[in-house]
$ cat input-v3.csv   # CSV, C-alpha atoms
chain,number,residue,atom,x,y,z
A,1,MET,CA,42.1,-45.7,-38.3
A,2,SER,CA,43.1,-42.1,-38.0
A,3,ALA,CA,43.8,-40.2,-34.8
A,4,THR,CA,40.6,-38.1,-35.4
A,5,ASP,CA,38.5,-41.2,-35.5
A,6,VAL,CA,39.9,-42.3,-32.2
A,7,THR,CA,39.4,-39.0,-30.4
A,8,THR,CA,35.8,-38.4,-31.6
A,9,ARG,CA,34.4,-41.9,-30.9
A,10,SER,CA,32.6,-42.1,-27.6
A,11,THR,CA,33.1,-45.1,-25.3
A,12,PRO,CA,30.2,-47.1,-23.8
A,13,GLY,CA,28.7,-45.5,-20.7
A,14,THR,CA,29.9,-42.0,-21.5
A,15,ARG,CA,27.9,-39.0,-22.6
A,16,PRO,CA,28.3,-38.2,-26.4
A,17,ALA,CA,30.4,-35.3,-27.4
A,18,GLY,CA,28.9,-32.2,-29.0
A,19,PRO,CA,27.4,-28.9,-28.0
A,20,ARG,CA,25.6,-29.2,-24.7
A,21,PRO,CA,22.1,-27.6,-24.6
A,22,SER,CA,21.2,-25.2,-21.8
A,23,THR,CA,19.8,-26.6,-18.6
A,24,SER,CA,16.6,-24.6,-19.0
A,25,GLY,CA,16.1,-26.0,-22.5
A,26,GLN,CA,16.6,-29.6,-21.2
A,27,LEU,CA,14.1,-29.0,-18.5
A,28,ARG,CA,11.5,-27.7,-20.9
A,29,SER,CA,12.1,-30.6,-23.3
A,30,LEU,CA,11.6,-33.2,-20.5
A,31,SER,CA,8.5,-31.4,-19.2
A,32,ARG,CA,7.0,-31.3,-22.7
A,33,ALA,CA,7.7,-35.0,-23.1
A,34,MET,CA,6.2,-35.9,-19.8
A,35,LEU,CA,3.1,-33.8,-20.5
A,36,ARG,CA,2.6,-35.4,-23.9
A,37,SER,CA,3.0,-38.8,-22.4
A,38,PHE,CA,0.4,-37.9,-19.7
A,39,PHE,CA,-2.3,-36.6,-22.0
A,40,ARG,CA,-1.8,-39.5,-24.5
A,41,ASP,CA,-2.3,-42.1,-21.7
A,42,ARG,CA,-6.0,-42.7,-21.3
A,43,THR,CA,-5.5,-44.4,-17.9
A,44,SER,CA,-3.7,-41.3,-16.6
A,45,LEU,CA,-6.5,-39.1,-17.7
A,46,LEU,CA,-9.1,-41.4,-16.2
A,47,PHE,CA,-7.4,-41.3,-12.7
A,48,ALA,CA,-6.7,-37.6,-12.9
A,49,PHE,CA,-10.0,-36.2,-14.1
A,50,LEU,CA,-12.9,-38.6,-14.8
A,51,PHE,CA,-12.5,-40.8,-11.6
A,52,PRO,CA,-12.7,-37.9,-9.1
A,53,LEU,CA,-15.6,-36.3,-11.1
A,54,MET,CA,-17.4,-39.7,-11.1
A,55,PHE,CA,-17.2,-39.7,-7.3
A,56,LEU,CA,-18.3,-36.1,-7.1
A,57,VAL,CA,-21.4,-36.9,-9.2
A,58,VAL,CA,-22.3,-40.0,-7.2
A,59,PHE,CA,-21.8,-38.5,-3.7
A,60,GLY,CA,-22.9,-35.1,-4.7
A,61,LEU,CA,-26.3,-36.2,-6.1
A,62,VAL,CA,-26.9,-38.7,-3.2
A,63,PHE,CA,-26.2,-36.2,-0.5
A,64,ARG,CA,-27.6,-33.1,-2.0
A,65,GLY,CA,-29.8,-32.5,1.0
A,66,ASP,CA,-32.9,-32.0,-1.0
A,67,GLY,CA,-35.2,-33.7,1.5
A,68,ALA,CA,-34.5,-37.3,0.3
A,69,GLY,CA,-32.7,-38.1,3.5
A,70,THR,CA,-35.8,-39.0,5.5
A,71,THR,CA,-35.9,-42.3,7.3
A,72,PRO,CA,-38.8,-44.6,6.5
A,73,LEU,CA,-40.7,-45.6,9.7
A,74,ALA,CA,-43.7,-47.9,9.9
A,75,VAL,CA,-46.6,-46.6,12.2
A,76,VAL,CA,-49.5,-48.5,13.5
A,77,GLY,CA,-52.4,-46.8,15.3
A,78,GLU,CA,-53.1,-43.2,16.2
A,79,GLY,CA,-52.1,-41.0,19.1
A,80,PRO,CA,-50.0,-38.0,20.1
A,81,VAL,CA,-46.7,-39.8,19.4
A,82,VAL,CA,-47.5,-41.0,15.9
A,83,THR,CA,-49.0,-37.6,15.1
A,84,ALA,CA,-46.0,-35.7,16.4
A,85,LEU,CA,-43.3,-37.6,14.4
A,86,PRO,CA,-41.3,-35.0,12.5
A,87,ASP,CA,-41.9,-35.2,8.7
A,88,ASP,CA,-38.5,-33.7,7.9
A,89,VAL,CA,-36.7,-36.6,9.7
A,90,VAL,CA,-38.9,-39.7,9.3
A,91,GLU,CA,-41.3,-40.7,6.6
A,92,SER,CA,-44.3,-42.3,8.2
A,93,VAL,CA,-45.6,-45.4,6.4
A,94,ALA,CA,-49.0,-46.5,7.8
A,95,PHE,CA,-49.8,-50.2,8.5
A,96,GLU,CA,-53.0,-51.7,9.6
A,97,ASP,CA,-51.5,-54.7,11.3
A,98,ALA,CA,-48.6,-54.7,13.8
A,99,GLN,CA,-47.2,-58.0,12.6
A,100,GLU,CA,-47.0,-56.6,9.0
A,101,ALA,CA,-45.1,-53.6,10.3
A,102,VAL,CA,-42.6,-55.7,12.2
A,103,ALA,CA,-42.2,-57.9,9.1
A,104,ALA,CA,-41.3,-54.8,7.1
A,105,VAL,CA,-38.6,-54.0,9.6
A,106,GLU,CA,-37.2,-57.5,9.4
A,107,ALA,CA,-37.2,-57.3,5.6
A,108,GLY,CA,-35.3,-54.0,5.7
A,109,ASP,CA,-38.1,-52.1,4.0
A,110,VAL,CA,-38.4,-49.6,6.9
A,111,ALA,CA,-35.9,-48.5,9.6
A,112,GLY,CA,-38.4,-49.2,12.5
A,113,ALA,CA,-42.0,-49.6,13.5
A,114,VAL,CA,-43.9,-47.5,16.0
A,115,ILE,CA,-47.0,-49.2,17.4
A,116,GLU,CA,-49.2,-46.9,19.6
A,117,GLN,CA,-52.2,-48.4,21.4
A,118,GLY,CA,-53.8,-46.4,24.1
A,119,GLY,CA,-51.1,-44.9,26.3
A,120,GLU,CA,-48.5,-47.4,25.3
A,121,VAL,CA,-45.9,-47.1,22.6
A,122,THR,CA,-43.7,-49.9,21.3
A,123,LEU,CA,-40.8,-49.4,19.0
A,124,TYR,CA,-39.3,-52.2,16.9
A,125,PHE,CA,-36.0,-51.6,15.1
A,126,ALA,CA,-33.3,-53.6,13.3
A,127,ALA,CA,-29.9,-53.6,15.1
A,128,SER,CA,-28.2,-54.6,11.9
A,129,ASP,CA,-28.3,-51.0,10.8
A,130,GLN,CA,-27.0,-49.1,13.8
A,131,VAL,CA,-27.2,-45.7,12.1
A,132,GLN,CA,-30.9,-45.9,11.3
A,133,ALA,CA,-31.6,-47.8,14.6
A,134,GLY,CA,-30.1,-44.9,16.5
A,135,THR,CA,-32.0,-42.3,14.5
A,136,VAL,CA,-35.4,-43.8,15.1
A,137,GLN,CA,-34.7,-44.4,18.8
A,138,GLN,CA,-33.7,-40.8,19.3
A,139,VAL,CA,-36.6,-39.4,17.3
A,140,VAL,CA,-39.2,-41.5,19.1
A,141,SER,CA,-37.7,-40.9,22.5
A,142,SER,CA,-37.7,-37.2,21.9
A,143,VAL,CA,-41.3,-37.2,20.8
A,144,ILE,CA,-42.4,-39.2,23.8
A,145,ASN,CA,-40.5,-37.0,26.2
A,146,GLU,CA,-42.2,-33.9,24.8
A,147,ALA,CA,-45.6,-35.6,24.9
A,148,ASN,CA,-45.1,-36.6,28.6
A,149,LEU,CA,-44.0,-33.0,29.4
A,150,ALA,CA,-47.1,-31.6,27.6
A,151,ALA,CA,-49.3,-34.0,29.5
A,152,THR,CA,-48.1,-32.6,32.9
A,153,GLY,CA,-49.0,-29.1,31.9
A,154,GLN,CA,-45.7,-27.8,33.3
A,155,PRO,CA,-43.3,-25.7,31.1
A,156,PRO,CA,-39.8,-27.2,30.5
A,157,ALA,CA,-37.2,-26.2,33.0
A,158,ILE,CA,-34.5,-26.2,30.3
A,159,THR,CA,-34.9,-25.4,26.6
A,160,LEU,CA,-32.5,-26.1,23.8
A,161,THR,CA,-32.0,-23.9,20.8
A,162,THR,CA,-29.9,-25.4,18.0
A,163,GLN,CA,-28.2,-23.4,15.1
A,164,GLN,CA,-25.6,-24.5,12.7
A,165,VAL,CA,-22.4,-22.3,12.5
A,166,GLU,CA,-22.2,-22.4,8.7
A,167,SER,CA,-24.5,-20.7,6.3
A,168,GLU,CA,-27.9,-22.2,6.0
A,169,ARG,CA,-27.1,-22.7,2.3
A,170,PHE,CA,-24.2,-25.0,3.0
A,171,GLY,CA,-25.0,-28.6,2.2
A,172,PRO,CA,-23.0,-31.9,2.4
A,173,ILE,CA,-21.2,-31.0,-0.8
A,174,GLN,CA,-19.2,-28.5,1.1
A,175,PHE,CA,-17.5,-31.2,3.0
A,176,LEU,CA,-17.5,-33.9,0.3
A,177,ALA,CA,-15.7,-31.8,-2.3
A,178,PRO,CA,-12.4,-31.1,-0.5
A,179,GLY,CA,-12.0,-34.8,0.4
A,180,ILE,CA,-12.7,-36.1,-3.1
A,181,LEU,CA,-10.5,-33.4,-4.6
A,182,SER,CA,-7.6,-34.4,-2.2
A,183,TRP,CA,-8.0,-38.0,-3.0
A,184,GLY,CA,-8.1,-37.4,-6.8
A,185,VAL,CA,-4.9,-35.3,-6.7
A,186,ALA,CA,-3.2,-37.8,-4.5
A,187,THR,CA,-4.1,-40.7,-6.8
A,188,SER,CA,-3.0,-38.9,-9.9
A,189,ALA,CA,0.3,-37.8,-8.4
A,190,ALA,CA,1.2,-41.3,-7.0
A,191,PHE,CA,0.1,-43.3,-10.0
A,192,GLY,CA,1.5,-40.9,-12.6
A,193,ALA,CA,5.0,-40.9,-11.0
A,194,ALA,CA,5.1,-44.6,-10.3
A,195,LEU,CA,3.9,-45.8,-13.8
A,196,THR,CA,6.1,-43.2,-15.6
A,197,LEU,CA,9.2,-44.3,-13.7
A,198,VAL,CA,8.7,-48.0,-14.2
A,199,ALA,CA,7.7,-47.6,-17.9
A,200,TRP,CA,10.7,-45.4,-18.6
A,201,ARG,CA,13.1,-47.8,-16.9
A,202,ASN,CA,11.8,-50.9,-18.7
A,203,ARG,CA,11.9,-49.1,-22.1
A,204,GLN,CA,15.5,-47.9,-21.5
A,205,VAL,CA,14.4,-44.2,-21.5
A,206,LEU,CA,16.1,-43.6,-18.1
A,207,ARG,CA,19.3,-45.2,-19.4
A,208,ARG,CA,19.3,-42.8,-22.4
A,209,LEU,CA,18.6,-39.9,-20.2
A,210,ARG,CA,21.4,-40.9,-17.9
A,211,LEU,CA,23.8,-40.8,-20.9
A,212,SER,CA,22.4,-37.6,-22.2
A,213,PRO,CA,23.8,-34.1,-21.2
A,214,ALA,CA,20.7,-33.5,-19.1
A,215,PRO,CA,21.6,-33.4,-15.3
A,216,ALA,CA,19.6,-35.9,-13.2
A,217,TRP,CA,17.9,-33.1,-11.2
A,218,THR,CA,16.2,-31.8,-14.4
A,219,ILE,CA,14.4,-35.2,-14.7
A,220,VAL,CA,13.1,-34.8,-11.1
A,221,ALA,CA,12.2,-31.2,-11.6
A,222,ALA,CA,10.3,-31.9,-14.8
A,223,ARG,CA,8.3,-34.7,-13.1
A,224,VAL,CA,7.5,-32.4,-10.1
A,225,GLY,CA,6.5,-29.5,-12.4
A,226,VAL,CA,4.2,-31.7,-14.5
A,227,SER,CA,2.6,-33.2,-11.4
A,228,LEU,CA,1.9,-29.7,-10.0
A,229,LEU,CA,0.5,-28.5,-13.3
A,230,VAL,CA,-1.8,-31.5,-13.5
A,231,ALA,CA,-2.9,-31.0,-9.9
A,232,LEU,CA,-3.9,-27.4,-10.7
A,233,LEU,CA,-5.8,-28.4,-13.7
A,234,GLN,CA,-7.6,-31.1,-11.7
A,235,ALA,CA,-8.5,-28.5,-9.0
A,236,VAL,CA,-9.8,-26.0,-11.6
A,237,VAL,CA,-12.0,-28.6,-13.4
A,238,PHE,CA,-13.2,-30.3,-10.2
A,239,ILE,CA,-14.2,-27.1,-8.4
A,240,ALA,CA,-15.8,-25.7,-11.6
A,241,VAL,CA,-18.0,-28.8,-11.9
A,242,ALA,CA,-18.7,-28.8,-8.1
A,243,MET,CA,-19.9,-25.2,-8.3
A,244,LEU,CA,-22.6,-26.0,-10.8
A,245,PRO,CA,-26.1,-25.5,-9.4
A,246,VAL,CA,-26.8,-29.2,-9.4
A,247,PHE,CA,-24.1,-29.6,-6.7
A,248,GLY,CA,-24.0,-26.1,-5.2
A,249,LEU,CA,-20.4,-25.9,-3.8
A,250,GLU,CA,-19.8,-22.4,-2.3
A,251,LEU,CA,-16.2,-21.2,-1.7
A,252,ALA,CA,-15.2,-19.4,1.5
A,253,GLY,CA,-13.6,-16.0,1.6
A,254,GLN,CA,-9.9,-17.0,1.4
A,255,TRP,CA,-10.5,-20.1,-0.7
A,256,TRP,CA,-7.3,-19.5,-2.7
A,257,LEU,CA,-5.3,-20.4,0.5
A,258,ALA,CA,-6.1,-24.0,-0.4
A,259,LEU,CA,-3.6,-23.9,-3.3
A,260,PRO,CA,-0.4,-24.1,-1.2
A,261,ILE,CA,-1.9,-27.1,0.6
A,262,LEU,CA,-2.9,-28.7,-2.7
A,263,LEU,CA,0.6,-28.3,-4.1
A,264,CYS,CA,2.3,-29.5,-0.9
A,265,GLY,CA,0.0,-32.5,-0.9
A,266,THR,CA,0.9,-33.2,-4.5
A,267,CYS,CA,4.6,-33.3,-3.6
A,268,SER,CA,3.8,-35.7,-0.8
A,269,PHE,CA,2.1,-38.2,-3.1
A,270,LEU,CA,4.6,-37.6,-5.8
A,271,GLY,CA,7.1,-38.9,-3.3
A,272,VAL,CA,4.9,-41.9,-2.7
A,273,GLY,CA,4.8,-42.6,-6.5
A,274,LEU,CA,8.6,-42.3,-6.8
A,275,LEU,CA,9.0,-44.7,-4.0
A,276,VAL,CA,6.6,-47.2,-5.6
A,277,GLY,CA,8.3,-46.7,-9.0
A,278,ALA,CA,11.7,-47.4,-7.4
A,279,ILE,CA,10.5,-50.7,-5.9
A,280,ALA,CA,8.2,-52.1,-8.5
A,281,LYS,CA,9.6,-53.9,-11.6
A,282,THR,CA,6.5,-53.9,-13.8
A,283,GLU,CA,3.7,-51.4,-14.5
A,284,GLU,CA,1.1,-53.8,-13.2
A,285,ALA,CA,3.0,-54.1,-9.9
A,286,ALA,CA,3.4,-50.4,-9.6
A,287,SER,CA,-0.3,-49.8,-10.2
A,288,ALA,CA,-1.2,-52.5,-7.6
A,289,LEU,CA,1.2,-51.1,-5.0
A,290,ALA,CA,0.1,-47.5,-5.4
A,291,ASN,CA,-3.5,-48.5,-5.1
A,292,PHE,CA,-2.7,-50.6,-2.0
A,293,ILE,CA,-1.2,-47.4,-0.4
A,294,VAL,CA,-3.6,-44.7,-1.5
A,295,LEU,CA,-7.0,-46.4,-1.4
A,296,PRO,CA,-6.9,-47.5,2.2
A,297,MET,CA,-5.4,-44.2,3.2
A,298,ALA,CA,-8.5,-42.5,1.7
A,299,PHE,CA,-10.8,-44.4,4.0
A,300,LEU,CA,-8.6,-44.0,7.0
A,301,SER,CA,-8.3,-40.2,6.4
A,302,GLY,CA,-12.0,-39.5,6.3
A,303,VAL,CA,-12.2,-38.6,2.6
A,304,PHE,CA,-15.5,-40.3,1.9
A,305,PHE,CA,-17.1,-40.1,5.3
A,306,ASP,CA,-16.8,-38.3,8.6
A,307,LEU,CA,-14.5,-39.8,11.2
A,308,SER,CA,-16.1,-38.2,14.2
A,309,ALA,CA,-18.1,-41.4,15.0
A,310,ALA,CA,-15.2,-43.7,14.0
A,311,PRO,CA,-13.2,-45.7,16.6
A,312,SER,CA,-10.5,-43.7,18.4
A,313,TRP,CA,-7.7,-45.8,16.8
A,314,MET,CA,-8.9,-44.8,13.4
A,315,GLN,CA,-9.0,-41.1,14.3
A,316,SER,CA,-5.4,-41.4,15.7
A,317,VAL,CA,-4.2,-43.0,12.4
A,318,SER,CA,-5.8,-40.3,10.3
A,319,ARG,CA,-3.8,-37.6,12.2
A,320,VAL,CA,-0.5,-39.1,10.9
A,321,LEU,CA,-1.5,-39.8,7.3
A,322,PRO,CA,-0.7,-37.1,4.7
A,323,LEU,CA,-4.1,-37.4,3.0
A,324,GLY,CA,-5.8,-36.6,6.3
A,325,TRP,CA,-3.7,-33.4,6.7
A,326,MET,CA,-4.4,-32.5,3.1
A,327,ASN,CA,-8.1,-33.1,3.4
A,328,ASP,CA,-8.5,-31.2,6.7
A,329,GLY,CA,-6.3,-28.3,5.5
A,330,ILE,CA,-8.2,-27.8,2.3
A,331,THR,CA,-11.6,-28.1,4.1
A,332,ASP,CA,-10.5,-25.5,6.7
A,333,VAL,CA,-9.8,-22.8,4.1
A,334,LEU,CA,-12.0,-23.8,1.2
A,335,VAL,CA,-15.2,-24.3,3.3
A,336,ARG,CA,-14.7,-23.1,6.9
A,337,GLY,CA,-13.2,-19.8,5.9
A,338,GLU,CA,-10.1,-20.0,8.0
A,339,GLY,CA,-7.1,-17.9,7.3
A,340,VAL,CA,-3.3,-18.3,6.9
A,341,ALA,CA,-3.0,-19.8,10.4
A,342,ALA,CA,-4.7,-22.9,9.1
A,343,VAL,CA,-2.3,-23.3,6.2
A,344,TRP,CA,1.2,-23.5,7.6
A,345,LEU,CA,1.0,-26.6,9.7
A,346,PRO,CA,-0.6,-28.9,7.0
A,347,CYS,CA,2.0,-27.6,4.5
A,348,LEU,CA,4.8,-28.3,6.9
A,349,VAL,CA,3.7,-31.8,7.6
A,350,LEU,CA,3.1,-32.6,3.9
A,351,LEU,CA,6.5,-31.2,2.9
A,352,ALA,CA,8.2,-33.2,5.7
A,353,PHE,CA,6.5,-36.3,4.5
A,354,ALA,CA,7.6,-35.6,0.9
A,355,LEU,CA,11.2,-35.2,2.0
A,356,VAL,CA,11.3,-38.4,4.0
A,357,VAL,CA,9.6,-40.5,1.3
A,358,GLY,CA,11.6,-38.8,-1.4
A,359,ALA,CA,14.8,-39.6,0.4
A,360,ALA,CA,13.8,-43.3,0.6
A,361,ALA,CA,12.9,-43.3,-3.1
A,362,THR,CA,16.4,-41.8,-3.9
A,363,ARG,CA,18.1,-44.6,-2.0
A,364,LEU,CA,16.2,-47.3,-3.8
A,365,PHE,CA,16.2,-45.7,-7.3
A,366,ARG,CA,17.6,-47.7,-10.2
A,367,TRP,CA,18.3,-46.3,-13.6
A,368,GLU,CA,18.0,-49.8,-15.3
A,369,SER,CA,15.9,-52.9,-14.6

$ encode --input "input-v3.csv" --output "structure tokens"
Amino acid sequence: MSATDVTTRSTPGTRPAGPRPSTSGQLRSLSRAMLRSFFRDRTSLLFAFLFPLMFLVVFGLVFRGDGAGTTPLAVVGEGPVVTALPDDVVESVAFEDAQEAVAAVEAGDVAGAVIEQGGEVTLYFAASDQVQAGTVQQVVSSVINEANLAATGQPPAITLTTQQVESERFGPIQFLAPGILSWGVATSAAFGAALTLVAWRNRQVLRRLRLSPAPAWTIVAARVGVSLLVALLQAVVFIAVAMLPVFGLELAGQWWLALPILLCGTCSFLGVGLLVGAIAKTEEAASALANFIVLPMAFLSGVFFDLSAAPSWMQSVSRVLPLGWMNDGITDVLVRGEGVAAVWLPCLVLLAFALVVGAAATRLFRWES
């Protein structure tokens, strides 16, 4: 064996000799590889684009506010109360017999039954559905109070005028869209990072990257860049669909201020994905663990429903969850029209969360299985 052979042969665990490509070139190559891997994976595309759009279609069509939100209410008899029931709130269903009306309430066909005989009104409702029970009680009580006041012939001492602060054109989609978008971006970032990290570790890709001339930080930078690019694509597609006439999303004046919050939120859940990928040993375990973290967080953060009527402990929990900050921040600027003052605190909280979780992921990171 010649001296040349000895000097040129690399030993195990060392980087091969040869011209070292530029750092920017290494970063571009890794980013292209991750992007190709993402768009070739049907599961990743499902979670990134189709899944959020599916929720948009379901919730957007159900809560369009096109008059289908009336509550069915059985009525028996005639009188000032039955006549004055507001048609835009309740849908009166006439019954001839009181027992049949009560049976309809028990069967869940109607939210309640109003029986008016002479000057006496009886309301039956099902306590199993507290929302509808509260609605029919408030409506009937209000109608009876107005009827009693009219019977006295005295003008009301205090009158109430109600007016919503947003545009009259604003519907439920204005507050559904930011939450579903936040959840979709969070899910994509967490799942994408976790599954990629576990798959690359099990297929020895991370080991080969470790032995390559590429610095370790370029791998992280490529993953961050790909996640941010995917998040922007998600936002563009999602908002474009939500603005279709069938859904009717309207953007506030400084809607573009939602972008920093979106990107900071992506970094937060990218950190969650890296942590999951550092812990999990298989892709199945990574998927289950990421789902275990993100899905409950969506419900506890008020993504799918308003938390104003939720228990106080749930509202307190939502204030410390990154998805809650992301959802509230995007809603403030995308819908409520708030300015820069509403951006910096959510961004700060989301970035702090990303740093803490990212540091934990770094401590637990393994190049090989």

$ residues_around --input "input-v3.csv" --residues "Leu355 of chain A" --least-positions-apart "2" --cutoff "12 Å" --atoms "all atoms listed in the file" --output "number ranges by chain"
A: 264-265, 267-272, 274-275, 348-353, 357-362

$ atom_distance --input "input-v3.csv" --atom1 "atom CA of Gln174 of chain A" --atom2 "atom CA of Thr266 of chain A"
21.4 Å

$ closest_residue --input "input-v3.csv" --among "A:Val343, A:Ser22, A:Ser29, A:Gln99" --to "Ala221 of chain A" --atoms "all atoms listed in the file"
A:Ser29

$ closest_residue --input "input-v3.csv" --among "A:Phe247, A:Trp367, A:Phe125, A:Phe38" --to "Ala74 of chain A" --atoms "all atoms listed in the file"
A:Phe125

$ atom_distance --input "input-v3.csv" --atom1 "atom CA of Ala194 of chain A" --atom2 "atom CA of Val226 of chain A"
13.6 Å

$ atom_distance --input "input-v3.csv" --atom1 "atom CA of Ala127 of chain A" --atom2 "atom CA of Glu146 of chain A"
25.2 Å

$ closest_residue --input "input-v3.csv" --among "A:Ala235, A:Ser24, A:Leu149, A:Gly324" --to "Leu307 of chain A" --atoms "all atoms listed in the file"
A:Gly324

$ closest_residue --input "input-v3.csv" --among "A:Leu262, A:Ala147, A:Ala103, A:Ala242" --to "Val333 of chain A" --atoms "only C-alpha atoms"
A:Leu262

$ residues_around --input "input-v3.csv" --residues "Gly302 of chain A" --least-positions-apart "2" --cutoff "12 Å" --atoms "all atoms listed in the file" --output "mmCIF file with C-alpha atoms, in the frame of the given file"
data_model
loop_
_atom_site.group_PDB
_atom_site.id
_atom_site.type_symbol
_atom_site.label_atom_id
_atom_site.label_comp_id
_atom_site.auth_asym_id
_atom_site.auth_seq_id
_atom_site.Cartn_x
_atom_site.Cartn_y
_atom_site.Cartn_z
ATOM 1 C CA PHE A 175 -17.500 -31.200 3.000
ATOM 2 C CA LEU A 176 -17.500 -33.900 0.300
ATOM 3 C CA PRO A 178 -12.400 -31.100 -0.500
ATOM 4 C CA GLY A 179 -12.000 -34.800 0.400
ATOM 5 C CA ILE A 180 -12.700 -36.100 -3.100
ATOM 6 C CA SER A 182 -7.600 -34.400 -2.200
ATOM 7 C CA TRP A 183 -8.000 -38.000 -3.000
ATOM 8 C CA LEU A 295 -7.000 -46.400 -1.400
ATOM 9 C CA PRO A 296 -6.900 -47.500 2.200
ATOM 10 C CA MET A 297 -5.400 -44.200 3.200
ATOM 11 C CA ALA A 298 -8.500 -42.500 1.700
ATOM 12 C CA PHE A 299 -10.800 -44.400 4.000
ATOM 13 C CA LEU A 300 -8.600 -44.000 7.000
ATOM 14 C CA PHE A 304 -15.500 -40.300 1.900
ATOM 15 C CA PHE A 305 -17.100 -40.100 5.300
ATOM 16 C CA ASP A 306 -16.800 -38.300 8.600
ATOM 17 C CA LEU A 307 -14.500 -39.800 11.200
ATOM 18 C CA SER A 308 -16.100 -38.200 14.200
ATOM 19 C CA ALA A 309 -18.100 -41.400 15.000
ATOM 20 C CA ALA A 310 -15.200 -43.700 14.000
ATOM 21 C CA MET A 314 -8.900 -44.800 13.400
ATOM 22 C CA GLN A 315 -9.000 -41.100 14.300
ATOM 23 C CA SER A 316 -5.400 -41.400 15.700
ATOM 24 C CA VAL A 317 -4.200 -43.000 12.400
ATOM 25 C CA SER A 318 -5.800 -40.300 10.300
ATOM 26 C CA ARG A 319 -3.800 -37.600 12.200
ATOM 27 C CA LEU A 321 -1.500 -39.800 7.300
ATOM 28 C CA PRO A 322 -0.700 -37.100 4.700
ATOM 29 C CA LEU A 323 -4.100 -37.400 3.000
ATOM 30 C CA GLY A 324 -5.800 -36.600 6.300
ATOM 31 C CA TRP A 325 -3.700 -33.400 6.700
ATOM 32 C CA MET A 326 -4.400 -32.500 3.100
ATOM 33 C CA ASN A 327 -8.100 -33.100 3.400
ATOM 34 C CA ASP A 328 -8.500 -31.200 6.700
ATOM 35 C CA THR A 331 -11.600 -28.100 4.100
#

$ closest_residue --input "input-v3.csv" --among "A:Ser37, A:Gly25, A:Pro52, A:Ala84" --to "Asn145 of chain A" --atoms "all atoms listed in the file"
A:Ala84

$ closest_residue --input "input-v3.csv" --among "A:Gly112, A:Gly337, A:Gly184, A:Gly153" --to "Gln137 of chain A" --atoms "all atoms listed in the file"
A:Gly112

$ residues_near_point --input "input-v3.csv" --point "(7.8, -48.1, -14.1)" --cutoff "12 Å" --atoms "only C-alpha atoms" --output "number ranges by chain"
A: 190-206, 273-290, 365-369
